[in-house]
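So this block is query_19.txt, compact mmCIF, N, CA and C atoms:
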```txt
# COMPACT_ATOMS: atom_id res chain seq x y z
N MET U 1 17.77 -8.77 -12.71
CA MET U 1 17.37 -10.01 -12.08
C MET U 1 15.91 -9.90 -11.65
N THR U 2 15.11 -10.85 -12.01
CA THR U 2 13.72 -10.90 -11.61
C THR U 2 13.60 -11.60 -10.26
N VAL U 3 12.84 -10.98 -9.35
CA VAL U 3 12.57 -11.58 -8.05
C VAL U 3 11.08 -11.91 -8.01
N THR U 4 10.76 -13.13 -7.63
CA THR U 4 9.37 -13.54 -7.52
C THR U 4 9.04 -13.75 -6.05
N SER U 5 7.98 -13.09 -5.60
CA SER U 5 7.51 -13.25 -4.22
C SER U 5 6.28 -14.13 -4.23
N GLU U 6 6.13 -14.91 -3.17
CA GLU U 6 5.04 -15.89 -3.15
C GLU U 6 4.30 -15.89 -1.82
N ALA U 7 3.00 -15.97 -1.93
CA ALA U 7 2.13 -16.17 -0.78
C ALA U 7 1.08 -17.19 -1.18
N THR U 8 0.58 -17.93 -0.21
CA THR U 8 -0.46 -18.91 -0.49
C THR U 8 -1.66 -18.64 0.42
N THR U 9 -2.81 -19.13 -0.01
CA THR U 9 -4.00 -19.10 0.84
C THR U 9 -4.64 -20.47 0.84
N ALA U 10 -4.94 -20.97 2.02
CA ALA U 10 -5.72 -22.19 2.18
C ALA U 10 -7.09 -21.76 2.67
N TRP U 11 -8.15 -22.09 1.93
CA TRP U 11 -9.51 -21.66 2.24
C TRP U 11 -10.38 -22.88 2.47
N GLU U 12 -11.26 -22.82 3.46
CA GLU U 12 -12.20 -23.90 3.72
C GLU U 12 -13.60 -23.33 3.81
N GLY U 13 -14.55 -23.97 3.11
CA GLY U 13 -15.95 -23.56 3.19
C GLY U 13 -16.35 -22.59 2.10
N ASP U 14 -17.60 -22.16 2.19
CA ASP U 14 -18.12 -21.22 1.21
C ASP U 14 -17.68 -19.80 1.56
N LEU U 15 -18.05 -18.85 0.72
CA LEU U 15 -17.60 -17.47 0.93
C LEU U 15 -18.14 -16.89 2.22
N ALA U 16 -19.42 -17.04 2.46
CA ALA U 16 -20.06 -16.37 3.60
C ALA U 16 -19.63 -16.92 4.95
N THR U 17 -19.45 -18.23 5.05
CA THR U 17 -19.15 -18.81 6.36
C THR U 17 -17.77 -19.44 6.46
N GLY U 18 -17.07 -19.50 5.34
CA GLY U 18 -15.75 -20.11 5.33
C GLY U 18 -14.68 -19.15 5.83
N SER U 19 -13.47 -19.66 5.86
CA SER U 19 -12.34 -18.82 6.26
C SER U 19 -11.06 -19.42 5.69
N GLY U 20 -10.00 -18.64 5.77
CA GLY U 20 -8.73 -19.11 5.25
C GLY U 20 -7.58 -18.49 5.99
N ALA U 21 -6.41 -18.85 5.54
CA ALA U 21 -5.18 -18.29 6.08
C ALA U 21 -4.23 -17.98 4.93
N VAL U 22 -3.73 -16.77 4.92
CA VAL U 22 -2.73 -16.35 3.95
C VAL U 22 -1.36 -16.55 4.59
N THR U 23 -0.48 -17.23 3.89
CA THR U 23 0.87 -17.47 4.39
C THR U 23 1.88 -16.80 3.47
N LEU U 24 2.77 -16.02 4.08
CA LEU U 24 3.84 -15.38 3.33
C LEU U 24 4.95 -16.41 3.16
N VAL U 25 5.04 -16.97 1.97
CA VAL U 25 5.94 -18.08 1.71
C VAL U 25 7.38 -17.59 1.52
N SER U 26 7.56 -16.56 0.72
CA SER U 26 8.92 -16.11 0.39
C SER U 26 9.70 -15.68 1.62
N SER U 27 9.08 -14.91 2.48
CA SER U 27 9.78 -14.42 3.67
C SER U 27 9.63 -15.35 4.86
N GLY U 28 8.56 -16.13 4.87
CA GLY U 28 8.29 -17.00 6.01
C GLY U 28 7.91 -16.24 7.26
N LEU U 29 7.47 -15.00 7.09
CA LEU U 29 7.19 -14.15 8.25
C LEU U 29 5.87 -14.42 8.94
N GLY U 30 5.04 -15.24 8.36
CA GLY U 30 3.83 -15.54 9.11
C GLY U 30 2.65 -15.93 8.26
N SER U 31 1.58 -16.23 8.98
CA SER U 31 0.31 -16.62 8.40
C SER U 31 -0.77 -15.74 9.02
N PHE U 32 -1.72 -15.31 8.20
CA PHE U 32 -2.73 -14.35 8.64
C PHE U 32 -4.13 -14.84 8.25
N ASP U 33 -5.05 -14.86 9.21
CA ASP U 33 -6.41 -15.32 8.97
C ASP U 33 -7.18 -14.31 8.12
N VAL U 34 -8.05 -14.84 7.25
CA VAL U 34 -8.93 -14.03 6.41
C VAL U 34 -10.31 -14.67 6.37
N ASN U 35 -11.34 -13.82 6.22
CA ASN U 35 -12.69 -14.32 5.94
C ASN U 35 -13.51 -13.21 5.31
N TRP U 36 -14.69 -13.58 4.81
CA TRP U 36 -15.53 -12.61 4.11
C TRP U 36 -16.05 -11.54 5.05
N LYS U 37 -16.45 -11.90 6.26
CA LYS U 37 -16.99 -10.92 7.19
C LYS U 37 -15.97 -9.81 7.45
N ALA U 38 -14.72 -10.17 7.69
CA ALA U 38 -13.68 -9.15 7.91
C ALA U 38 -13.53 -8.28 6.67
N ARG U 39 -13.58 -8.89 5.51
CA ARG U 39 -13.39 -8.14 4.27
C ARG U 39 -14.54 -7.20 3.99
N SER U 40 -15.75 -7.63 4.25
CA SER U 40 -16.92 -6.82 3.90
C SER U 40 -17.39 -5.89 5.01
N GLU U 41 -17.00 -6.17 6.26
CA GLU U 41 -17.46 -5.35 7.37
C GLU U 41 -16.33 -4.69 8.15
N GLY U 42 -15.10 -5.14 7.92
CA GLY U 42 -13.96 -4.63 8.67
C GLY U 42 -13.69 -5.49 9.89
N SER U 43 -12.45 -5.48 10.36
CA SER U 43 -12.07 -6.30 11.50
C SER U 43 -10.77 -5.78 12.09
N THR U 44 -10.62 -5.96 13.38
CA THR U 44 -9.35 -5.64 14.02
C THR U 44 -8.61 -6.90 14.43
N SER U 45 -9.18 -8.07 14.10
CA SER U 45 -8.55 -9.31 14.53
C SER U 45 -8.04 -10.17 13.37
N MET U 46 -8.31 -9.79 12.14
CA MET U 46 -7.76 -10.52 11.00
C MET U 46 -7.57 -9.57 9.84
N THR U 47 -6.75 -9.99 8.89
CA THR U 47 -6.43 -9.11 7.77
C THR U 47 -7.40 -9.32 6.62
N THR U 48 -7.21 -8.55 5.56
CA THR U 48 -8.00 -8.65 4.34
C THR U 48 -7.06 -8.50 3.15
N PRO U 49 -7.50 -8.91 1.97
CA PRO U 49 -6.67 -8.67 0.79
C PRO U 49 -6.36 -7.18 0.62
N GLU U 50 -7.31 -6.33 0.97
CA GLU U 50 -7.09 -4.90 0.82
C GLU U 50 -6.05 -4.36 1.79
N GLU U 51 -5.99 -4.89 3.00
CA GLU U 51 -4.96 -4.46 3.94
C GLU U 51 -3.59 -4.90 3.45
N LEU U 52 -3.50 -6.11 2.91
CA LEU U 52 -2.24 -6.58 2.36
C LEU U 52 -1.82 -5.74 1.16
N LEU U 53 -2.79 -5.37 0.34
CA LEU U 53 -2.51 -4.50 -0.81
C LEU U 53 -2.07 -3.11 -0.34
N ALA U 54 -2.70 -2.59 0.71
CA ALA U 54 -2.32 -1.29 1.27
C ALA U 54 -0.87 -1.34 1.77
N ALA U 55 -0.48 -2.43 2.41
CA ALA U 55 0.90 -2.57 2.88
C ALA U 55 1.86 -2.55 1.70
N ALA U 56 1.52 -3.25 0.64
CA ALA U 56 2.37 -3.26 -0.55
C ALA U 56 2.45 -1.87 -1.17
N HIS U 57 1.34 -1.17 -1.24
CA HIS U 57 1.32 0.14 -1.88
C HIS U 57 2.12 1.16 -1.05
N ALA U 58 1.92 1.17 0.25
CA ALA U 58 2.64 2.13 1.11
C ALA U 58 4.15 1.89 1.07
N SER U 59 4.56 0.64 1.11
CA SER U 59 6.00 0.37 1.12
C SER U 59 6.63 0.64 -0.24
N CYS U 60 5.95 0.29 -1.33
CA CYS U 60 6.48 0.54 -2.67
C CYS U 60 6.59 2.05 -2.93
N PHE U 61 5.56 2.79 -2.57
CA PHE U 61 5.56 4.24 -2.75
C PHE U 61 6.69 4.87 -1.95
N SER U 62 6.89 4.44 -0.71
CA SER U 62 7.96 4.99 0.13
C SER U 62 9.33 4.76 -0.51
N MET U 63 9.53 3.55 -1.05
CA MET U 63 10.80 3.25 -1.70
C MET U 63 11.01 4.12 -2.94
N ALA U 64 9.96 4.27 -3.75
CA ALA U 64 10.07 5.08 -4.96
C ALA U 64 10.35 6.54 -4.61
N LEU U 65 9.69 7.06 -3.58
CA LEU U 65 9.90 8.44 -3.17
C LEU U 65 11.30 8.63 -2.60
N SER U 66 11.75 7.71 -1.77
CA SER U 66 13.08 7.78 -1.20
C SER U 66 14.15 7.78 -2.29
N HIS U 67 13.96 6.93 -3.28
CA HIS U 67 14.92 6.84 -4.38
C HIS U 67 14.97 8.17 -5.15
N ALA U 68 13.83 8.70 -5.50
CA ALA U 68 13.78 9.96 -6.26
C ALA U 68 14.41 11.11 -5.48
N LEU U 69 14.11 11.19 -4.19
CA LEU U 69 14.68 12.26 -3.38
C LEU U 69 16.20 12.11 -3.26
N GLY U 70 16.67 10.89 -3.11
CA GLY U 70 18.11 10.64 -3.06
C GLY U 70 18.80 11.01 -4.37
N GLN U 71 18.18 10.65 -5.49
CA GLN U 71 18.72 10.99 -6.80
C GLN U 71 18.80 12.50 -6.99
N ASN U 72 17.92 13.23 -6.32
CA ASN U 72 17.88 14.69 -6.40
C ASN U 72 18.94 15.34 -5.50
N GLY U 73 19.60 14.54 -4.66
CA GLY U 73 20.57 15.10 -3.73
C GLY U 73 19.95 15.60 -2.44
N THR U 74 18.68 15.23 -2.23
CA THR U 74 17.95 15.63 -1.01
C THR U 74 17.35 14.38 -0.36
N PRO U 75 18.20 13.49 0.13
CA PRO U 75 17.67 12.26 0.72
C PRO U 75 16.80 12.55 1.93
N PRO U 76 15.74 11.79 2.11
CA PRO U 76 14.85 12.02 3.25
C PRO U 76 15.47 11.54 4.55
N GLU U 77 15.18 12.25 5.63
CA GLU U 77 15.52 11.74 6.96
C GLU U 77 14.50 10.69 7.37
N ARG U 78 13.24 10.92 6.96
CA ARG U 78 12.16 10.02 7.35
C ARG U 78 10.99 10.19 6.39
N ILE U 79 10.36 9.09 6.05
CA ILE U 79 9.11 9.08 5.27
C ILE U 79 8.10 8.24 6.04
N ASP U 80 6.95 8.80 6.32
CA ASP U 80 5.83 8.06 6.90
C ASP U 80 4.72 8.04 5.86
N ALA U 81 4.44 6.86 5.32
CA ALA U 81 3.42 6.74 4.28
C ALA U 81 2.36 5.75 4.70
N THR U 82 1.11 6.11 4.44
CA THR U 82 -0.04 5.25 4.70
C THR U 82 -0.80 5.10 3.40
N ALA U 83 -1.18 3.88 3.08
CA ALA U 83 -2.08 3.64 1.96
C ALA U 83 -3.39 3.12 2.54
N SER U 84 -4.49 3.70 2.11
CA SER U 84 -5.83 3.28 2.54
C SER U 84 -6.55 2.75 1.31
N VAL U 85 -6.74 1.45 1.25
CA VAL U 85 -7.37 0.81 0.10
C VAL U 85 -8.84 0.54 0.42
N SER U 86 -9.71 1.02 -0.45
CA SER U 86 -11.16 0.91 -0.25
C SER U 86 -11.72 -0.29 -1.02
N PHE U 87 -12.65 -0.99 -0.37
CA PHE U 87 -13.33 -2.14 -0.96
C PHE U 87 -14.82 -1.99 -0.74
N THR U 88 -15.60 -2.17 -1.79
CA THR U 88 -17.06 -2.15 -1.70
C THR U 88 -17.57 -3.51 -2.16
N PRO U 89 -18.25 -4.27 -1.27
CA PRO U 89 -18.80 -5.55 -1.69
C PRO U 89 -19.69 -5.39 -2.92
N GLY U 90 -19.54 -6.28 -3.87
CA GLY U 90 -20.32 -6.22 -5.09
C GLY U 90 -19.68 -5.36 -6.17
N THR U 91 -18.75 -4.50 -5.77
CA THR U 91 -18.06 -3.63 -6.72
C THR U 91 -16.59 -4.01 -6.81
N GLY U 92 -15.95 -4.15 -5.67
CA GLY U 92 -14.54 -4.51 -5.63
C GLY U 92 -13.69 -3.41 -5.03
N ILE U 93 -12.42 -3.43 -5.35
CA ILE U 93 -11.48 -2.43 -4.86
C ILE U 93 -11.72 -1.16 -5.66
N THR U 94 -11.99 -0.07 -4.95
CA THR U 94 -12.40 1.16 -5.62
C THR U 94 -11.35 2.26 -5.59
N GLY U 95 -10.33 2.14 -4.75
CA GLY U 95 -9.31 3.18 -4.74
C GLY U 95 -8.25 2.93 -3.68
N SER U 96 -7.17 3.70 -3.83
CA SER U 96 -6.10 3.69 -2.85
C SER U 96 -5.71 5.13 -2.60
N HIS U 97 -5.71 5.53 -1.33
CA HIS U 97 -5.34 6.89 -0.96
C HIS U 97 -4.00 6.84 -0.25
N LEU U 98 -3.02 7.52 -0.80
CA LEU U 98 -1.70 7.62 -0.20
C LEU U 98 -1.61 8.91 0.60
N ASN U 99 -1.15 8.79 1.83
CA ASN U 99 -0.93 9.96 2.69
C ASN U 99 0.51 9.87 3.16
N VAL U 100 1.31 10.88 2.79
CA VAL U 100 2.73 10.84 3.13
C VAL U 100 3.13 12.12 3.84
N ASN U 101 3.93 11.93 4.88
CA ASN U 101 4.52 13.03 5.64
C ASN U 101 6.00 12.69 5.74
N ALA U 102 6.85 13.66 5.43
CA ALA U 102 8.28 13.35 5.41
C ALA U 102 9.12 14.51 5.92
N VAL U 103 10.30 14.16 6.36
CA VAL U 103 11.32 15.13 6.74
C VAL U 103 12.39 15.07 5.66
N VAL U 104 12.50 16.15 4.90
CA VAL U 104 13.47 16.21 3.80
C VAL U 104 14.18 17.56 3.86
N PRO U 105 15.33 17.61 4.50
CA PRO U 105 16.06 18.88 4.59
C PRO U 105 16.41 19.44 3.21
N GLY U 106 16.26 20.75 3.09
CA GLY U 106 16.65 21.43 1.86
C GLY U 106 15.67 21.34 0.72
N LEU U 107 14.46 20.89 0.96
CA LEU U 107 13.47 20.74 -0.12
C LEU U 107 12.24 21.57 0.21
N SER U 108 11.74 22.30 -0.78
CA SER U 108 10.53 23.10 -0.57
C SER U 108 9.30 22.20 -0.59
N ALA U 109 8.21 22.69 -0.01
CA ALA U 109 6.95 21.94 0.00
C ALA U 109 6.48 21.69 -1.42
N GLU U 110 6.63 22.66 -2.28
CA GLU U 110 6.20 22.52 -3.68
C GLU U 110 6.99 21.42 -4.39
N ASP U 111 8.31 21.41 -4.19
CA ASP U 111 9.13 20.36 -4.81
C ASP U 111 8.80 18.98 -4.22
N PHE U 112 8.55 18.94 -2.91
CA PHE U 112 8.19 17.66 -2.29
C PHE U 112 6.90 17.12 -2.89
N GLU U 113 5.90 17.96 -3.07
CA GLU U 113 4.64 17.52 -3.67
C GLU U 113 4.86 16.97 -5.07
N ARG U 114 5.76 17.60 -5.83
CA ARG U 114 6.07 17.12 -7.19
C ARG U 114 6.75 15.75 -7.14
N PHE U 115 7.73 15.59 -6.25
CA PHE U 115 8.39 14.29 -6.11
C PHE U 115 7.40 13.22 -5.66
N ALA U 116 6.53 13.56 -4.74
CA ALA U 116 5.54 12.60 -4.26
C ALA U 116 4.58 12.18 -5.38
N ALA U 117 4.14 13.14 -6.18
CA ALA U 117 3.24 12.82 -7.30
C ALA U 117 3.94 11.93 -8.31
N ASP U 118 5.21 12.21 -8.59
CA ASP U 118 5.96 11.37 -9.52
C ASP U 118 6.15 9.96 -8.96
N ALA U 119 6.41 9.85 -7.65
CA ALA U 119 6.57 8.53 -7.03
C ALA U 119 5.25 7.76 -7.07
N LYS U 120 4.15 8.47 -6.85
CA LYS U 120 2.83 7.82 -6.92
C LYS U 120 2.61 7.23 -8.31
N ALA U 121 2.96 7.98 -9.34
CA ALA U 121 2.75 7.52 -10.71
C ALA U 121 3.74 6.43 -11.11
N GLY U 122 4.97 6.50 -10.59
CA GLY U 122 6.02 5.59 -11.02
C GLY U 122 6.18 4.34 -10.19
N CYS U 123 5.60 4.31 -9.01
CA CYS U 123 5.71 3.14 -8.15
C CYS U 123 5.10 1.92 -8.85
N PRO U 124 5.81 0.79 -8.90
CA PRO U 124 5.28 -0.40 -9.58
C PRO U 124 3.92 -0.87 -9.06
N VAL U 125 3.66 -0.71 -7.77
CA VAL U 125 2.35 -1.12 -7.26
C VAL U 125 1.27 -0.16 -7.78
N SER U 126 1.56 1.14 -7.82
CA SER U 126 0.61 2.09 -8.41
C SER U 126 0.33 1.71 -9.86
N GLN U 127 1.36 1.35 -10.59
CA GLN U 127 1.17 0.97 -11.99
C GLN U 127 0.32 -0.29 -12.10
N ALA U 128 0.49 -1.23 -11.17
CA ALA U 128 -0.32 -2.44 -11.18
C ALA U 128 -1.78 -2.14 -10.83
N LEU U 129 -2.00 -1.05 -10.10
CA LEU U 129 -3.35 -0.65 -9.69
C LEU U 129 -3.96 0.38 -10.64
N ALA U 130 -3.50 0.43 -11.87
CA ALA U 130 -3.93 1.45 -12.83
C ALA U 130 -5.44 1.48 -13.05
N GLY U 131 -6.14 0.42 -12.73
CA GLY U 131 -7.58 0.37 -12.95
C GLY U 131 -8.41 1.03 -11.86
N ILE U 132 -7.76 1.56 -10.82
CA ILE U 132 -8.50 2.23 -9.74
C ILE U 132 -7.96 3.64 -9.55
N GLU U 133 -8.73 4.47 -8.88
CA GLU U 133 -8.29 5.82 -8.57
C GLU U 133 -7.27 5.78 -7.44
N ILE U 134 -6.15 6.48 -7.64
CA ILE U 134 -5.14 6.61 -6.61
C ILE U 134 -5.00 8.10 -6.30
N THR U 135 -5.23 8.45 -5.05
CA THR U 135 -5.13 9.84 -4.62
C THR U 135 -3.94 10.00 -3.68
N LEU U 136 -3.54 11.28 -3.47
CA LEU U 136 -2.33 11.54 -2.72
C LEU U 136 -2.47 12.81 -1.88
N GLU U 137 -2.03 12.73 -0.63
CA GLU U 137 -1.82 13.90 0.23
C GLU U 137 -0.35 13.86 0.62
N ALA U 138 0.39 14.94 0.38
CA ALA U 138 1.82 14.96 0.67
C ALA U 138 2.18 16.22 1.44
N THR U 139 2.80 16.05 2.59
CA THR U 139 3.22 17.20 3.40
C THR U 139 4.61 16.96 3.96
N LEU U 140 5.34 18.06 4.09
CA LEU U 140 6.64 18.03 4.75
C LEU U 140 6.42 18.26 6.23
N ALA U 141 7.17 17.55 7.05
CA ALA U 141 7.06 17.72 8.50
C ALA U 141 7.85 18.94 8.93
```
As structure tokens, please, write out the structure in this file.
Amino acid sequence: MTVTSEATTAWEGDLATGSGAVTLVSSGLGSFDVNWKARSEGSTSMTTPEELLAAAHASCFSMALSHALGQNGTPPERIDATASVSFTPGTGITGSHLNVNAVVPGLSAEDFERFAADAKAGCPVSQALAGIEITLEATLA
């Protein structure tokens, strides 16, 4: 079964002085302000396309890793994953860095690193981001 997720953006004005709002339509969980200044300089008061992409990447990677570990008979007690997506004005999105720390009883650090690398490669969001560098730090807690 194919699931389609939807979000919309309403934008007013030009790039430099305009602004918009991204609305999560499928879940209805909210609307988030966006503008060029936040995207190009950073902000703690509004989101960016890169922050939304980082959320998608971190959650997708966590699901892929959890699934692989469960299939191995070593389900995780906890996975904490962060994706840091880099954006350079004039260049675009330049990379995503995954940092994962997990509690997985019965698994060696070496095996965990292998599972994490496989999840990084197999996660659908990673595959969608094939045009950028994706790096990984993986540690067991």
Taking all atoms listed in the file into account, name the residue in U:Ser96, U:Ser62, U:Ser108, U:Thr88 that is nearest to Leu136 in chain U.
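For Leu136 in chain U, the nearest of the given residues is U:Ser96.
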Hey, which of U:Val34, U:Leu29, U:Gly13, U:Ser59 ends up closest to Thr47 in chain U? Count all atoms listed in the file.
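Going through U:Val34, U:Leu29, U:Gly13, U:Ser59 one by one, the smallest distance to Thr47 in chain U is for U:Val34.
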Measuring atom to atom with all atoms listed in the file, identify which of U:Glu6, U:Phe32, U:Ala130, U:Gly106 is nearest to Ser45 in chain U.
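Nearest candidate to Ser45 in chain U out of U:Glu6, U:Phe32, U:Ala130, U:Gly106: U:Phe32.
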Using all atoms listed in the file, can you tell me which of U:Glu110, U:Leu140, U:Cys123, U:Thr74 comes closest to Cys60 in chain U?
U:Cys123
Calculate how many Å separate CA of Leu53 in chain U from CA of Thr82 in chain U, rounding to one decimal.
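Distance between the two atoms: 11.5 Å.
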Here is a test: counting only C-alpha atoms, which residue of U:Ala117, U:Ala83, U:Val3, U:Leu24 is nearest to Ala55 in chain U?
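Closest to Ala55 in chain U, using only C-alpha atoms: U:Ala83.
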As a JSON list (two decimals), in the frame of the given file, please: range 105-115 of chain U completed to all heavy atoms.
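Wrote it out as part_11.json, contents follow:
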```json
[["chain", "number", "residue", "atom", "x", "y", "z"],
["U", 105, "PRO", "N", 15.33, 17.61, 4.50],
["U", 105, "PRO", "CA", 16.06, 18.88, 4.59],
["U", 105, "PRO", "C", 16.41, 19.44, 3.21],
["U", 105, "PRO", "O", 16.78, 18.70, 2.30],
["U", 105, "PRO", "CB", 17.33, 18.50, 5.35],
["U", 105, "PRO", "CG", 16.99, 17.25, 6.09],
["U", 105, "PRO", "CD", 16.02, 16.53, 5.21],
["U", 106, "GLY", "N", 16.26, 20.75, 3.09],
["U", 106, "GLY", "CA", 16.65, 21.43, 1.86],
["U", 106, "GLY", "C", 15.67, 21.34, 0.72],
["U", 106, "GLY", "O", 16.02, 21.70, -0.42],
["U", 107, "LEU", "N", 14.46, 20.89, 0.96],
["U", 107, "LEU", "CA", 13.47, 20.74, -0.12],
["U", 107, "LEU", "C", 12.24, 21.57, 0.21],
["U", 107, "LEU", "O", 11.74, 21.54, 1.33],
["U", 107, "LEU", "CB", 13.09, 19.26, -0.27],
["U", 107, "LEU", "CG", 12.34, 18.88, -1.55],
["U", 107, "LEU", "CD1", 13.25, 19.03, -2.77],
["U", 107, "LEU", "CD2", 11.83, 17.46, -1.46],
["U", 108, "SER", "N", 11.74, 22.30, -0.78],
["U", 108, "SER", "CA", 10.53, 23.10, -0.57],
["U", 108, "SER", "C", 9.30, 22.20, -0.59],
["U", 108, "SER", "O", 9.33, 21.08, -1.14],
["U", 108, "SER", "CB", 10.38, 24.16, -1.67],
["U", 108, "SER", "OG", 10.06, 23.54, -2.91],
["U", 109, "ALA", "N", 8.21, 22.69, -0.01],
["U", 109, "ALA", "CA", 6.95, 21.94, 0.00],
["U", 109, "ALA", "C", 6.48, 21.69, -1.42],
["U", 109, "ALA", "O", 5.98, 20.59, -1.74],
["U", 109, "ALA", "CB", 5.89, 22.68, 0.81],
["U", 110, "GLU", "N", 6.63, 22.66, -2.28],
["U", 110, "GLU", "CA", 6.20, 22.52, -3.68],
["U", 110, "GLU", "C", 6.99, 21.42, -4.39],
["U", 110, "GLU", "O", 6.42, 20.58, -5.09],
["U", 110, "GLU", "CB", 6.39, 23.85, -4.41],
["U", 110, "GLU", "CG", 5.96, 23.81, -5.86],
["U", 110, "GLU", "CD", 6.16, 25.16, -6.53],
["U", 110, "GLU", "OE1", 5.28, 26.02, -6.38],
["U", 110, "GLU", "OE2", 7.22, 25.33, -7.19],
["U", 111, "ASP", "N", 8.31, 21.41, -4.19],
["U", 111, "ASP", "CA", 9.13, 20.36, -4.81],
["U", 111, "ASP", "C", 8.80, 18.98, -4.22],
["U", 111, "ASP", "O", 8.75, 17.99, -4.95],
["U", 111, "ASP", "CB", 10.62, 20.66, -4.65],
["U", 111, "ASP", "CG", 11.10, 21.76, -5.58],
["U", 111, "ASP", "OD1", 10.41, 22.05, -6.59],
["U", 111, "ASP", "OD2", 12.16, 22.35, -5.29],
["U", 112, "PHE", "N", 8.55, 18.94, -2.91],
["U", 112, "PHE", "CA", 8.19, 17.66, -2.29],
["U", 112, "PHE", "C", 6.90, 17.12, -2.89],
["U", 112, "PHE", "O", 6.81, 15.92, -3.20],
["U", 112, "PHE", "CB", 8.05, 17.81, -0.78],
["U", 112, "PHE", "CG", 7.64, 16.53, -0.11],
["U", 112, "PHE", "CD1", 8.50, 15.46, -0.04],
["U", 112, "PHE", "CD2", 6.36, 16.38, 0.42],
["U", 112, "PHE", "CE1", 8.11, 14.25, 0.55],
["U", 112, "PHE", "CE2", 5.96, 15.19, 1.00],
["U", 112, "PHE", "CZ", 6.85, 14.13, 1.07],
["U", 113, "GLU", "N", 5.90, 17.96, -3.07],
["U", 113, "GLU", "CA", 4.64, 17.52, -3.67],
["U", 113, "GLU", "C", 4.86, 16.97, -5.07],
["U", 113, "GLU", "O", 4.25, 15.98, -5.46],
["U", 113, "GLU", "CB", 3.63, 18.67, -3.68],
["U", 113, "GLU", "CG", 3.12, 19.01, -2.29],
["U", 113, "GLU", "CD", 2.20, 20.22, -2.27],
["U", 113, "GLU", "OE1", 1.72, 20.65, -3.33],
["U", 113, "GLU", "OE2", 1.96, 20.73, -1.16],
["U", 114, "ARG", "N", 5.76, 17.60, -5.83],
["U", 114, "ARG", "CA", 6.07, 17.12, -7.19],
["U", 114, "ARG", "C", 6.75, 15.75, -7.14],
["U", 114, "ARG", "O", 6.37, 14.84, -7.88],
["U", 114, "ARG", "CB", 6.95, 18.14, -7.91],
["U", 114, "ARG", "CG", 7.30, 17.75, -9.33],
["U", 114, "ARG", "CD", 8.10, 18.83, -10.06],
["U", 114, "ARG", "NE", 9.21, 19.37, -9.30],
["U", 114, "ARG", "CZ", 10.42, 18.81, -9.22],
["U", 114, "ARG", "NH1", 10.66, 17.67, -9.85],
["U", 114, "ARG", "NH2", 11.38, 19.37, -8.51],
["U", 115, "PHE", "N", 7.73, 15.59, -6.25],
["U", 115, "PHE", "CA", 8.39, 14.29, -6.11],
["U", 115, "PHE", "C", 7.40, 13.22, -5.66],
["U", 115, "PHE", "O", 7.45, 12.08, -6.14],
["U", 115, "PHE", "CB", 9.57, 14.37, -5.13],
["U", 115, "PHE", "CG", 10.83, 14.91, -5.76],
["U", 115, "PHE", "CD1", 11.24, 16.20, -5.50],
["U", 115, "PHE", "CD2", 11.58, 14.13, -6.61],
["U", 115, "PHE", "CE1", 12.39, 16.71, -6.07],
["U", 115, "PHE", "CE2", 12.74, 14.62, -7.19],
["U", 115, "PHE", "CZ", 13.15, 15.92, -6.92]]
```
